file upload.csv (CSV, C-alpha atoms)
chain,number,residue,atom,x,y,z
A,1,MET,CA,22.2,27.1,-40.0
A,2,LYS,CA,24.3,30.0,-41.3
A,3,GLU,CA,21.7,31.3,-43.8
A,4,LEU,CA,19.0,31.6,-41.1
A,5,ILE,CA,21.3,33.0,-38.5
A,6,ASP,CA,22.6,35.7,-40.9
A,7,ARG,CA,19.1,36.6,-41.8
A,8,ILE,CA,18.0,37.0,-38.2
A,9,LEU,CA,21.1,39.1,-37.6
A,10,HIS,CA,20.3,41.4,-40.5
A,11,GLU,CA,16.5,41.6,-40.3
A,12,GLY,CA,15.4,40.2,-37.0
A,13,LYS,CA,14.4,42.7,-34.3
A,14,HIS,CA,14.2,42.3,-30.6
A,15,LEU,CA,11.1,44.1,-29.5
A,16,GLY,CA,11.7,43.6,-25.8
A,17,ASN,CA,10.4,41.0,-23.3
A,18,GLY,CA,12.1,38.2,-25.4
A,19,ILE,CA,9.9,38.9,-28.4
A,20,LEU,CA,11.9,38.5,-31.6
A,21,LYS,CA,10.3,40.0,-34.7
A,22,VAL,CA,11.1,38.0,-37.9
A,23,ASP,CA,8.0,39.1,-39.8
A,24,GLY,CA,10.1,39.9,-42.9
A,25,PHE,CA,10.9,36.3,-43.7
A,26,ILE,CA,9.0,33.9,-41.5
A,27,ASN,CA,5.9,35.3,-39.7
A,28,HIS,CA,4.1,37.6,-42.1
A,29,GLN,CA,6.2,37.8,-45.2
A,30,VAL,CA,7.8,34.5,-46.0
A,31,ASP,CA,11.0,33.9,-47.9
A,32,PRO,CA,10.2,30.6,-49.6
A,33,THR,CA,13.7,29.9,-50.8
A,34,LEU,CA,15.0,30.2,-47.2
A,35,MET,CA,12.1,28.1,-45.9
A,36,ASP,CA,12.9,25.5,-48.5
A,37,ALA,CA,16.6,25.4,-47.4
A,38,CYS,CA,15.4,25.0,-43.8
A,39,GLY,CA,13.1,22.2,-44.8
A,40,LYS,CA,15.9,20.5,-46.6
A,41,GLU,CA,18.2,20.8,-43.5
A,42,PHE,CA,15.5,19.4,-41.3
A,43,ALA,CA,14.9,16.5,-43.7
A,44,TYR,CA,18.7,15.8,-43.5
A,45,ARG,CA,18.9,16.0,-39.8
A,46,PHE,CA,15.8,13.7,-39.3
A,47,LYS,CA,16.5,11.3,-42.1
A,48,ASP,CA,17.0,8.3,-39.8
A,49,ILE,CA,14.1,8.7,-37.4
A,50,GLY,CA,11.5,6.8,-39.5
A,51,ALA,CA,8.9,9.6,-39.3
A,52,THR,CA,5.5,8.9,-41.1
A,53,LYS,CA,4.0,12.3,-40.6
A,54,VAL,CA,4.9,15.9,-39.9
A,55,LEU,CA,2.8,17.8,-37.3
A,56,THR,CA,2.8,21.6,-36.8
A,57,ALA,CA,0.5,24.3,-35.4
A,58,GLU,CA,-1.1,26.9,-37.6
A,59,ILE,CA,-0.1,29.6,-38.5
A,60,SER,CA,3.6,30.3,-38.6
A,61,GLY,CA,4.6,26.6,-38.5
A,62,ILE,CA,3.0,25.8,-41.8
A,63,ALA,CA,5.7,27.1,-44.2
A,64,PRO,CA,8.7,25.3,-42.6
A,65,ALA,CA,6.6,22.2,-41.9
A,66,VAL,CA,5.4,22.0,-45.6
A,67,THR,CA,9.0,22.4,-47.0
A,68,THR,CA,10.3,19.8,-44.5
A,69,ALA,CA,7.5,17.4,-45.4
A,70,LEU,CA,8.2,18.0,-49.1
A,71,HIS,CA,11.8,17.0,-48.7
A,72,MET,CA,10.9,14.0,-46.6
A,73,GLY,CA,8.0,12.8,-48.9
A,74,LEU,CA,5.6,12.9,-46.0
A,75,PRO,CA,2.1,14.4,-45.3
A,76,VAL,CA,1.9,17.3,-42.9
A,77,VAL,CA,-0.9,18.0,-40.5
A,78,TYR,CA,-1.4,21.5,-39.0
A,79,ALA,CA,-3.3,21.7,-35.7
A,80,ARG,CA,-6.1,24.2,-36.0
A,81,LYS,CA,-6.8,26.9,-33.4
A,82,HIS,CA,-10.5,27.1,-34.3
A,83,LYS,CA,-12.6,24.1,-35.3
A,84,PRO,CA,-13.7,24.5,-38.9
A,85,ILE,CA,-17.1,23.2,-40.0
A,86,THR,CA,-15.5,20.5,-42.1
A,87,MET,CA,-14.1,18.8,-39.0
A,88,PRO,CA,-16.1,16.0,-37.3
A,89,ASP,CA,-17.6,16.5,-33.8
A,90,GLN,CA,-15.1,14.2,-32.1
A,91,VAL,CA,-11.6,15.7,-32.2
A,92,PHE,CA,-8.4,15.8,-30.3
A,93,LEU,CA,-8.1,19.1,-28.4
A,94,THR,CA,-5.7,20.6,-26.0
A,95,LEU,CA,-5.2,24.0,-24.4
A,96,THR,CA,-1.9,25.8,-24.5
A,97,PRO,CA,-0.7,29.3,-23.4
A,98,SER,CA,0.4,31.5,-26.3
A,99,HIS,CA,3.3,33.7,-25.4
A,100,THR,CA,2.8,36.1,-28.3
A,101,LYS,CA,-1.0,36.3,-27.9
A,102,GLY,CA,-1.0,36.5,-24.1
A,103,ARG,CA,-3.9,34.1,-23.7
A,104,ILE,CA,-4.8,30.4,-23.8
A,105,VAL,CA,-5.4,29.0,-27.3
A,106,GLU,CA,-6.8,25.7,-28.5
A,107,LEU,CA,-4.9,23.2,-30.6
A,108,ILE,CA,-7.3,20.8,-32.5
A,109,VAL,CA,-6.5,17.8,-34.7
A,110,SER,CA,-9.0,15.6,-36.4
A,111,PRO,CA,-8.7,11.8,-35.6
A,112,GLU,CA,-9.0,11.3,-39.4
A,113,TYR,CA,-5.4,12.5,-39.9
A,114,LEU,CA,-3.6,11.5,-36.7
A,115,ALA,CA,-3.8,7.8,-35.9
A,116,GLY,CA,-2.3,5.2,-33.6
A,117,GLY,CA,1.0,3.9,-34.9
A,118,GLU,CA,2.0,7.1,-36.6
A,119,ARG,CA,5.6,8.2,-36.1
A,120,VAL,CA,5.4,12.0,-35.7
A,121,LEU,CA,8.0,14.7,-36.4
A,122,ILE,CA,7.0,18.0,-34.9
A,123,ILE,CA,8.2,21.1,-36.8
A,124,ASP,CA,7.5,24.7,-35.6
A,125,ASP,CA,8.9,28.2,-36.1
A,126,PHE,CA,9.9,28.8,-32.5
A,127,LEU,CA,11.1,26.7,-29.6
A,128,ALA,CA,10.7,29.1,-26.7
A,129,THR,CA,9.0,27.9,-23.5
A,130,GLY,CA,8.1,24.7,-25.3
A,131,ALA,CA,4.4,25.1,-24.5
A,132,THR,CA,3.0,24.9,-28.1
A,133,ILE,CA,5.2,22.0,-28.9
A,134,LEU,CA,4.2,20.2,-25.7
A,135,GLY,CA,0.6,20.8,-26.7
A,136,LEU,CA,1.3,19.1,-30.1
A,137,VAL,CA,3.0,16.2,-28.2
A,138,ARG,CA,-0.1,15.7,-26.0
A,139,LEU,CA,-2.3,15.7,-29.1
A,140,ALA,CA,-0.1,13.1,-30.8
A,141,GLN,CA,0.1,10.9,-27.7
A,142,THR,CA,-3.7,11.1,-27.2
A,143,ALA,CA,-4.0,9.8,-30.8
A,144,GLY,CA,-1.8,6.9,-29.9
A,145,ALA,CA,1.0,8.2,-32.1
A,146,LYS,CA,4.7,8.3,-31.2
A,147,ILE,CA,6.8,11.4,-31.2
A,148,VAL,CA,10.1,10.7,-33.0
A,149,GLY,CA,11.6,14.1,-33.4
A,150,ILE,CA,11.2,17.8,-32.8
A,151,GLY,CA,12.5,20.7,-35.0
A,152,ALA,CA,12.3,24.4,-34.7
A,153,LEU,CA,13.6,27.1,-36.9
A,154,ILE,CA,14.6,29.4,-34.0
A,155,GLU,CA,15.3,28.3,-30.4
A,156,LYS,CA,15.4,30.9,-27.6
A,157,THR,CA,17.5,28.8,-25.2
A,158,PHE,CA,16.9,31.2,-22.3
A,159,GLU,CA,13.2,30.3,-22.2
A,160,GLY,CA,13.9,26.8,-21.2
A,161,GLY,CA,11.8,24.9,-23.8
A,162,ARG,CA,14.5,22.3,-24.4
A,163,ASP,CA,14.5,21.2,-20.8
A,164,VAL,CA,10.7,20.7,-20.9
A,165,LEU,CA,11.0,18.5,-24.0
A,166,THR,CA,14.2,16.5,-23.2
A,167,PRO,CA,12.4,13.9,-21.1
A,168,LEU,CA,10.7,12.7,-24.3
A,169,GLY,CA,14.0,11.2,-25.3
A,170,VAL,CA,13.8,12.2,-29.0
A,171,PRO,CA,16.2,14.3,-31.1
A,172,ILE,CA,15.5,18.1,-30.8
A,173,GLU,CA,17.0,20.2,-33.6
A,174,SER,CA,16.9,23.9,-34.0
A,175,LEU,CA,18.5,25.8,-36.9
A,176,ALA,CA,19.3,29.0,-35.0
A,177,ARG,CA,19.9,29.0,-31.2
A,178,ILE,CA,19.6,32.4,-29.6
A,179,VAL,CA,21.2,32.5,-26.1
A,180,ALA,CA,20.4,36.1,-25.3
A,181,MET,CA,18.8,39.3,-26.6
A,182,ASP,CA,20.1,42.4,-24.9
A,183,GLY,CA,18.6,45.6,-26.3
A,184,GLU,CA,19.2,45.4,-30.0
A,185,GLN,CA,21.9,42.7,-29.8
A,186,ILE,CA,21.0,39.1,-30.6
A,187,ARG,CA,23.5,36.5,-29.5
A,188,PHE,CA,23.7,33.0,-30.9
A,189,ASN,CA,25.2,29.7,-29.8
A,190,HIS,CA,27.0,28.6,-33.0
A,191,ASP,CA,27.5,25.0,-31.9
B,1,MET,CA,-5.0,20.1,-63.5
B,2,LYS,CA,-5.5,16.4,-63.6
B,3,GLU,CA,-3.7,15.4,-60.4
B,4,LEU,CA,-5.8,17.9,-58.3
B,5,ILE,CA,-9.1,17.0,-60.0
B,6,ASP,CA,-8.4,13.3,-59.4
B,7,ARG,CA,-7.6,13.9,-55.8
B,8,ILE,CA,-10.8,15.8,-55.3
B,9,LEU,CA,-12.8,13.1,-57.0
B,10,HIS,CA,-11.2,10.4,-54.8
B,11,GLU,CA,-11.0,12.2,-51.4
B,12,GLY,CA,-13.1,15.4,-51.6
B,13,LYS,CA,-16.4,15.3,-49.9
B,14,HIS,CA,-19.5,17.5,-50.4
B,15,LEU,CA,-20.8,18.3,-47.0
B,16,GLY,CA,-23.9,20.1,-48.3
B,17,ASN,CA,-24.5,23.8,-48.8
B,18,GLY,CA,-21.7,24.1,-51.3
B,19,ILE,CA,-19.1,23.2,-48.7
B,20,LEU,CA,-16.3,21.0,-50.1
B,21,LYS,CA,-14.2,19.1,-47.6
B,22,VAL,CA,-10.6,18.7,-48.8
B,23,ASP,CA,-9.1,18.4,-45.3
B,24,GLY,CA,-7.1,15.3,-46.3
B,25,PHE,CA,-4.7,17.1,-48.7
B,26,ILE,CA,-5.3,20.9,-48.5
B,27,ASN,CA,-7.1,22.3,-45.4
B,28,HIS,CA,-5.8,20.3,-42.4
B,29,GLN,CA,-3.6,17.6,-43.6
B,30,VAL,CA,-1.5,18.9,-46.6
B,31,ASP,CA,0.0,16.8,-49.3
B,32,PRO,CA,3.2,18.8,-49.9
B,33,THR,CA,4.1,17.0,-53.2
B,34,LEU,CA,0.7,17.9,-54.6
B,35,MET,CA,1.0,21.5,-53.3
B,36,ASP,CA,4.4,21.7,-55.0
B,37,ALA,CA,3.0,20.5,-58.3
B,38,CYS,CA,0.2,23.1,-58.0
B,39,GLY,CA,2.8,25.8,-57.2
B,40,LYS,CA,4.8,24.8,-60.3
B,41,GLU,CA,1.7,25.0,-62.4
B,42,PHE,CA,0.8,28.4,-61.2
B,43,ALA,CA,4.4,29.6,-61.7
B,44,TYR,CA,4.1,28.4,-65.3
B,45,ARG,CA,0.7,30.0,-65.9
B,46,PHE,CA,1.8,33.3,-64.4
B,47,LYS,CA,5.3,33.4,-65.8
B,48,ASP,CA,4.7,36.4,-68.0
B,49,ILE,CA,2.8,38.8,-65.6
B,50,GLY,CA,5.9,40.4,-64.0
B,51,ALA,CA,4.8,39.7,-60.5
B,52,THR,CA,7.0,41.0,-57.7
B,53,LYS,CA,5.1,39.5,-54.7
B,54,VAL,CA,2.6,36.7,-53.9
B,55,LEU,CA,-0.2,37.6,-51.5
B,56,THR,CA,-2.5,35.2,-49.7
B,57,ALA,CA,-4.7,35.0,-46.7
B,58,GLU,CA,-3.9,32.8,-43.7
B,59,ILE,CA,-4.5,29.9,-43.1
B,60,SER,CA,-5.2,27.6,-45.9
B,61,GLY,CA,-3.7,29.8,-48.6
B,62,ILE,CA,-0.3,29.6,-47.1
B,63,ALA,CA,0.8,26.2,-48.5
B,64,PRO,CA,-0.1,26.8,-52.2
B,65,ALA,CA,1.2,30.4,-52.0
B,66,VAL,CA,4.5,29.3,-50.6
B,67,THR,CA,5.1,26.6,-53.2
B,68,THR,CA,4.0,29.1,-56.0
B,69,ALA,CA,6.3,31.8,-54.7
B,70,LEU,CA,9.2,29.2,-54.4
B,71,HIS,CA,8.8,28.3,-58.1
B,72,MET,CA,8.6,32.0,-59.0
B,73,GLY,CA,11.5,33.1,-56.8
B,74,LEU,CA,9.3,35.7,-55.1
B,75,PRO,CA,8.5,36.6,-51.5
B,76,VAL,CA,5.0,35.8,-50.2
B,77,VAL,CA,2.9,37.8,-47.7
B,78,TYR,CA,0.0,36.2,-45.9
B,79,ALA,CA,-2.6,38.6,-44.6
B,80,ARG,CA,-3.2,38.0,-40.9
B,81,LYS,CA,-6.7,37.6,-39.4
B,82,HIS,CA,-5.5,38.8,-35.9
B,83,LYS,CA,-3.0,41.5,-35.4
B,84,PRO,CA,0.1,40.0,-33.8
B,85,ILE,CA,2.1,42.0,-31.3
B,86,THR,CA,5.0,42.2,-33.7
B,87,MET,CA,3.0,44.3,-36.2
B,88,PRO,CA,3.2,48.2,-36.1
B,89,ASP,CA,0.1,50.2,-35.0
B,90,GLN,CA,-0.6,51.5,-38.5
B,91,VAL,CA,-1.7,48.6,-40.8
B,92,PHE,CA,-3.8,48.0,-43.8
B,93,LEU,CA,-7.0,46.3,-42.7
B,94,THR,CA,-10.2,45.3,-44.4
B,95,LEU,CA,-13.3,43.3,-43.4
B,96,THR,CA,-14.5,40.3,-45.4
B,97,PRO,CA,-17.3,37.8,-44.8
B,98,SER,CA,-16.1,34.2,-44.3
B,99,HIS,CA,-18.3,31.6,-45.9
B,100,THR,CA,-16.9,28.7,-43.9
B,101,LYS,CA,-16.8,30.6,-40.6
B,102,GLY,CA,-20.2,32.3,-41.0
B,103,ARG,CA,-19.0,35.6,-39.7
B,104,ILE,CA,-16.9,38.7,-40.7
B,105,VAL,CA,-13.2,38.3,-40.4
B,106,GLU,CA,-10.4,40.9,-40.6
B,107,LEU,CA,-7.6,40.7,-43.1
B,108,ILE,CA,-4.5,42.7,-42.0
B,109,VAL,CA,-1.2,43.4,-43.8
B,110,SER,CA,1.7,45.5,-42.5
B,111,PRO,CA,2.8,48.4,-44.7
B,112,GLU,CA,6.3,47.1,-44.1
B,113,TYR,CA,5.7,44.3,-46.6
B,114,LEU,CA,3.2,45.6,-49.1
B,115,ALA,CA,4.3,48.8,-50.8
B,116,GLY,CA,3.4,51.1,-53.7
B,117,GLY,CA,4.7,49.8,-57.0
B,118,GLU,CA,4.5,46.1,-56.1
B,119,ARG,CA,3.0,43.8,-58.7
B,120,VAL,CA,0.9,41.4,-56.8
B,121,LEU,CA,-0.1,37.8,-57.6
B,122,ILE,CA,-2.9,36.6,-55.3
B,123,ILE,CA,-3.0,32.9,-54.6
B,124,ASP,CA,-5.6,31.2,-52.4
B,125,ASP,CA,-7.0,27.7,-51.9
B,126,PHE,CA,-10.6,28.5,-53.0
B,127,LEU,CA,-12.3,30.9,-55.4
B,128,ALA,CA,-15.9,30.7,-54.3
B,129,THR,CA,-17.8,34.0,-53.9
B,130,GLY,CA,-14.6,35.9,-54.4
B,131,ALA,CA,-15.0,37.8,-51.1
B,132,THR,CA,-11.7,36.8,-49.5
B,133,ILE,CA,-9.8,37.5,-52.7
B,134,LEU,CA,-11.6,40.8,-53.2
B,135,GLY,CA,-10.5,41.7,-49.6
B,136,LEU,CA,-6.9,41.0,-50.6
B,137,VAL,CA,-7.4,43.1,-53.7
B,138,ARG,CA,-8.5,46.0,-51.5
B,139,LEU,CA,-5.5,45.7,-49.2
B,140,ALA,CA,-3.1,45.7,-52.2
B,141,GLN,CA,-4.8,48.6,-53.8
B,142,THR,CA,-4.8,50.6,-50.6
B,143,ALA,CA,-1.1,50.0,-50.4
B,144,GLY,CA,-0.7,51.4,-53.9
B,145,ALA,CA,0.2,48.0,-55.3
B,146,LYS,CA,-1.1,46.6,-58.6
B,147,ILE,CA,-2.9,43.3,-58.9
B,148,VAL,CA,-1.4,41.4,-61.9
B,149,GLY,CA,-3.0,37.9,-61.5
B,150,ILE,CA,-5.2,35.7,-59.4
B,151,GLY,CA,-4.9,32.0,-58.8
B,152,ALA,CA,-7.0,29.5,-56.8
B,153,LEU,CA,-6.5,25.8,-56.4
B,154,ILE,CA,-10.2,25.1,-56.6
B,155,GLU,CA,-12.9,27.2,-58.1
B,156,LYS,CA,-16.6,26.7,-57.4
B,157,THR,CA,-18.0,28.4,-60.6
B,158,PHE,CA,-21.6,28.3,-59.3
B,159,GLU,CA,-20.7,30.8,-56.5
B,160,GLY,CA,-19.9,33.5,-59.0
B,161,GLY,CA,-16.5,34.7,-57.7
B,162,ARG,CA,-15.0,34.9,-61.2
B,163,ASP,CA,-17.7,37.5,-62.3
B,164,VAL,CA,-16.8,39.6,-59.2
B,165,LEU,CA,-13.1,39.6,-60.1
B,166,THR,CA,-13.3,39.9,-63.9
B,167,PRO,CA,-13.6,43.7,-63.9
B,168,LEU,CA,-10.0,43.8,-62.6
B,169,GLY,CA,-8.9,42.8,-66.0
B,170,VAL,CA,-6.2,40.4,-64.9
B,171,PRO,CA,-5.7,36.7,-65.6
B,172,ILE,CA,-7.7,34.4,-63.3
B,173,GLU,CA,-6.5,30.8,-63.1
B,174,SER,CA,-7.9,27.9,-61.2
B,175,LEU,CA,-6.5,24.4,-61.2
B,176,ALA,CA,-9.8,22.6,-60.6
B,177,ARG,CA,-13.2,24.1,-61.7
B,178,ILE,CA,-16.2,22.6,-60.0
B,179,VAL,CA,-19.4,23.5,-61.8
B,180,ALA,CA,-21.8,21.6,-59.6
B,181,MET,CA,-22.0,19.5,-56.4
B,182,ASP,CA,-25.2,17.3,-56.3
B,183,GLY,CA,-25.3,15.1,-53.2
B,184,GLU,CA,-22.1,13.1,-53.3
B,185,GLN,CA,-21.4,13.9,-57.0
B,186,ILE,CA,-18.8,16.6,-57.8
B,187,ARG,CA,-18.8,17.7,-61.4
B,188,PHE,CA,-15.9,19.5,-63.1
B,189,ASN,CA,-15.4,21.7,-66.1
B,190,HIS,CA,-12.4,20.1,-67.8
B,191,ASP,CA,-11.6,23.0,-70.1
call {"tool": "encode", "arguments": {"input": "upload.csv", "output": "structure tokens"}}
result
Amino acid sequence: MKELIDRILHEGKHLGNGILKVDGFINHQVDPTLMDACGKEFAYRFKDIGATKVLTAEISGIAPAVTTALHMGLPVVYARKHKPITMPDQVFLTLTPSHTKGRIVELIVSPEYLAGGERVLIIDDFLATGATILGLVRLAQTAGAKIVGIGALIEKTFEGGRDVLTPLGVPIESLARIVAMDGEQIRFNHD
Amino acid sequence: MKELIDRILHEGKHLGNGILKVDGFINHQVDPTLMDACGKEFAYRFKDIGATKVLTAEISGIAPAVTTALHMGLPVVYARKHKPITMPDQVFLTLTPSHTKGRIVELIVSPEYLAGGERVLIIDDFLATGATILGLVRLAQTAGAKIVGIGALIEKTFEGGRDVLTPLGVPIESLARIVAMDGEQIRFNHD
């Protein structure tokens, strides 16, 4: 998506080790107009998959997941990383390595909001190694729900996440595909 | 706001000790259509304050802050509770007690996205004791920014947060004001 790619080119910063800083419009400060445009684009690309719910992971997935869900008229559930006191004792929980945190984090969803028979569209900010998205897939499958699509704002193709998720046999869409980051240069696949 | 009050009456649950569970439409599962309506209402109520930025705290403030910012055409910054590796070494940081977590949490904002001269509208999910919002106020003031308004989806008037914030002399708006929770009964001030 041209607007997102242009924004990454102008404001994104490669910090080394494959870490892309987009804190000015996605990960700390959020541009809601851009997020709304991204949500609209995801809603268009996934209009035919019959999704009944959008699933994401706190924290940075929330903004794009909410705008996508708004354009699709669906509820969105964000997996928590810490169990709040409002959650029941029995939960769906999985562990996943966090690339940016350098440690294992929990992803927790309450059975109240993810049920068997749901058709789940996963939306997240990044598709890198695919580890977080795969954690969300495990949660949904444990709940008896079916994954019907996966969307990420930014894909780093060189981290191999798409290969990990392809066996699921569902459409995988990313709005900006980065094929390489060399020093300050960020290169995209414009297909 | 009638839609929000009705939703709390139908789906909200008093868990005791003043804890209101609204995980079905705000805090874990999010109803984006309701959040969009709340954002539109905040944008209307704060249309004359000359805000240049919306500030919230992760995690549950993000959805209403993003929809408010979208309707106001402003960027939104969410204070982080853990410093990500993309953030510079020098940050604005304050400590605040978390009612629902039962411990002290950090609120962190990068100086890159909160500058002197900004006119800040704070949006959060709850106004209870006012501690989190007061933490955001301190961060903004440390940055040299000016607070120009405070909005919360749900106010628990019996926890006194409004009294804590009134000395700031800015408009404080909440969309559902709960005056008491007795057992399963939740009572509102419909003014």
call {"tool": "closest_atom_pairs", "arguments": {"input": "upload.csv", "of": "chain A", "to": "chain B", "cutoff": "8 Å", "atoms": "all atoms listed in the file", "output": "CSV"}}
result
residue,atom,partner,partner_atom,distance
A:Leu15,CA,B:Thr86,CA,7.6
A:Ile19,CA,B:Thr86,CA,7.9
A:Lys21,CA,B:Thr86,CA,5.8
A:Asp23,CA,B:Thr86,CA,7.5
A:Gly24,CA,B:Tyr113,CA,7.2
A:His28,CA,B:Val77,CA,5.7
A:Gln29,CA,B:Val77,CA,4.1
A:Val30,CA,B:Val76,CA,5.2
A:Asp31,CA,B:Pro75,CA,5.1
A:Pro32,CA,B:Leu70,CA,5.1
A:Thr33,CA,B:Leu70,CA,5.8
A:Asp36,CA,B:Leu70,CA,7.9
A:Glu58,CA,B:Ile59,CA,7.1
A:Ile59,CA,B:Ile59,CA,6.4
A:Ile62,CA,B:Ala63,CA,7.1
A:Ala63,CA,B:Ala63,CA,6.6
A:Val66,CA,B:Pro32,CA,5.8
A:Thr67,CA,B:Pro32,CA,7.4
A:Ala69,CA,B:Pro32,CA,6.4
A:Leu70,CA,B:Pro32,CA,5.1
A:Gly73,CA,B:Thr33,CA,7.2
A:Leu74,CA,B:Pro32,CA,7.5
A:Pro75,CA,B:Asp31,CA,5.1
A:Val76,CA,B:Val30,CA,5.3
A:Val77,CA,B:Gln29,CA,4.1
A:Tyr78,CA,B:His28,CA,5.7
A:Ala79,CA,B:His28,CA,7.3
A:Arg80,CA,B:His28,CA,7.5
A:Pro84,CA,B:Lys101,CA,7.1
A:Ile85,CA,B:Thr100,CA,6.7
A:Thr86,CA,B:Lys21,CA,5.8
A:Thr100,CA,B:Ile85,CA,6.7
A:Lys101,CA,B:Pro84,CA,7.1
A:Tyr113,CA,B:Gln29,CA,6.6
call {"tool": "axis_aligned_box", "arguments": {"input": "upload.csv", "around": "region 55-61 of chain B", "padding_each_side": "3 Å", "output": "AutoDock Vina command-line options"}}
result
--center_x -2.7 --center_y 32.6 --center_z -47.3 --size_x 11.0 --size_y 16.0 --size_z 14.4
call {"tool": "closest_residue", "arguments": {"input": "upload.csv", "among": "A:Ile133, A:Ala37, A:Leu165, A:Val148", "to": "Pro97 (chain A)", "atoms": "all atoms listed in the file"}}
result
A:Ile133
call {"tool": "atom_distance", "arguments": {"input": "upload.csv", "atom1": "CA of Ala145 (chain A)", "atom2": "CA of Gly117 (chain A)"}}
result
5.1 Å
call {"tool": "atom_distance", "arguments": {"input": "upload.csv", "atom1": "CA of Gly161 (chain A)", "atom2": "CA of Arg177 (chain A)"}}
result
11.7 Å
call {"tool": "atom_distance", "arguments": {"input": "upload.csv", "atom1": "CA of Ile178 (chain A)", "atom2": "CA of Glu11 (chain A)"}}
result
14.4 Å
call {"tool": "closest_residue", "arguments": {"input": "upload.csv", "among": "B:Gln185, B:Thr142, B:Ala152, B:His190", "to": "Leu9 (chain B)", "atoms": "only C-alpha atoms"}}
result
B:Gln185
call {"tool": "residues_around", "arguments": {"input": "upload.csv", "residues": "Val105 (chain B)", "least_positions_apart": "5", "cutoff": "8 Å", "atoms": "all atoms listed in the file", "output": "PyMOL selection string"}}
result
chain B and resi 81+95-98
call {"tool": "residues_around", "arguments": {"input": "upload.csv", "residues": "Thr157 (chain B)", "least_positions_apart": "2", "cutoff": "10 Å", "atoms": "only C-alpha atoms", "output": "PyMOL selection string"}}
result
chain B and resi 127-129+154-155+159-163+177-180+188-189
call {"tool": "write_last_selection", "arguments": {"input": "upload.csv", "atoms": "C-alpha atoms", "output": "CSV table (one decimal), in the frame of the given file"}}
result
chain,number,residue,atom,x,y,z
B,127,LEU,CA,-12.3,30.9,-55.4
B,128,ALA,CA,-15.9,30.7,-54.3
B,129,THR,CA,-17.8,34.0,-53.9
B,154,ILE,CA,-10.2,25.1,-56.6
B,155,GLU,CA,-12.9,27.2,-58.1
B,159,GLU,CA,-20.7,30.8,-56.5
B,160,GLY,CA,-19.9,33.5,-59.0
B,161,GLY,CA,-16.5,34.7,-57.7
B,162,ARG,CA,-15.0,34.9,-61.2
B,163,ASP,CA,-17.7,37.5,-62.3
B,177,ARG,CA,-13.2,24.1,-61.7
B,178,ILE,CA,-16.2,22.6,-60.0
B,179,VAL,CA,-19.4,23.5,-61.8
B,180,ALA,CA,-21.8,21.6,-59.6
B,188,PHE,CA,-15.9,19.5,-63.1
B,189,ASN,CA,-15.4,21.7,-66.1
call {"tool": "decode", "arguments": {"input": "upload.csv", "residues": "region 145-157 of chain A", "atoms": "N, CA and C atoms", "output": "PDB file, in the first residue's frame"}}
result
ATOM      1  N   ALA A 145     -11.688 -22.646  17.035  1.00  0.00           N
ATOM      2  CA  ALA A 145     -11.988 -21.688  15.967  1.00  0.00           C
ATOM      3  C   ALA A 145     -11.138 -22.000  14.742  1.00  0.00           C
ATOM      4  N   LYS A 146     -11.556 -21.432  13.614  1.00  0.00           N
ATOM      5  CA  LYS A 146     -10.844 -21.686  12.353  1.00  0.00           C
ATOM      6  C   LYS A 146     -10.181 -20.393  11.886  1.00  0.00           C
ATOM      7  N   ILE A 147      -8.910 -20.470  11.549  1.00  0.00           N
ATOM      8  CA  ILE A 147      -8.217 -19.299  10.985  1.00  0.00           C
ATOM      9  C   ILE A 147      -8.617 -19.183   9.522  1.00  0.00           C
ATOM     10  N   VAL A 148      -9.037 -17.972   9.115  1.00  0.00           N
ATOM     11  CA  VAL A 148      -9.447 -17.796   7.714  1.00  0.00           C
ATOM     12  C   VAL A 148      -8.632 -16.730   6.982  1.00  0.00           C
ATOM     13  N   GLY A 149      -7.756 -16.034   7.696  1.00  0.00           N
ATOM     14  CA  GLY A 149      -6.916 -15.050   7.028  1.00  0.00           C
ATOM     15  C   GLY A 149      -5.927 -14.450   8.003  1.00  0.00           C
ATOM     16  N   ILE A 150      -4.829 -13.941   7.451  1.00  0.00           N
ATOM     17  CA  ILE A 150      -3.779 -13.319   8.262  1.00  0.00           C
ATOM     18  C   ILE A 150      -3.330 -12.038   7.570  1.00  0.00           C
ATOM     19  N   GLY A 151      -3.351 -10.922   8.306  1.00  0.00           N
ATOM     20  CA  GLY A 151      -2.905  -9.656   7.742  1.00  0.00           C
ATOM     21  C   GLY A 151      -1.902  -8.967   8.643  1.00  0.00           C
ATOM     22  N   ALA A 152      -0.874  -8.381   8.048  1.00  0.00           N
ATOM     23  CA  ALA A 152       0.115  -7.609   8.799  1.00  0.00           C
ATOM     24  C   ALA A 152       0.359  -6.301   8.068  1.00  0.00           C
ATOM     25  N   LEU A 153       0.558  -5.237   8.846  1.00  0.00           N
ATOM     26  CA  LEU A 153       0.884  -3.965   8.208  1.00  0.00           C
ATOM     27  C   LEU A 153       2.193  -4.094   7.443  1.00  0.00           C
ATOM     28  N   ILE A 154       3.226  -4.596   8.134  1.00  0.00           N
ATOM     29  CA  ILE A 154       4.573  -4.628   7.575  1.00  0.00           C
ATOM     30  C   ILE A 154       5.120  -6.041   7.649  1.00  0.00           C
ATOM     31  N   GLU A 155       5.570  -6.542   6.505  1.00  0.00           N
ATOM     32  CA  GLU A 155       6.200  -7.862   6.463  1.00  0.00           C
ATOM     33  C   GLU A 155       7.695  -7.696   6.217  1.00  0.00           C
ATOM     34  N   LYS A 156       8.500  -8.393   7.016  1.00  0.00           N
ATOM     35  CA  LYS A 156       9.935  -8.450   6.726  1.00  0.00           C
ATOM     36  C   LYS A 156      10.172  -9.817   6.116  1.00  0.00           C
ATOM     37  N   THR A 157      10.192  -9.855   4.792  1.00  0.00           N
ATOM     38  CA  THR A 157      10.201 -11.154   4.095  1.00  0.00           C
ATOM     39  C   THR A 157      11.432 -11.978   4.447  1.00  0.00           C
TER      40      THR A 157
END
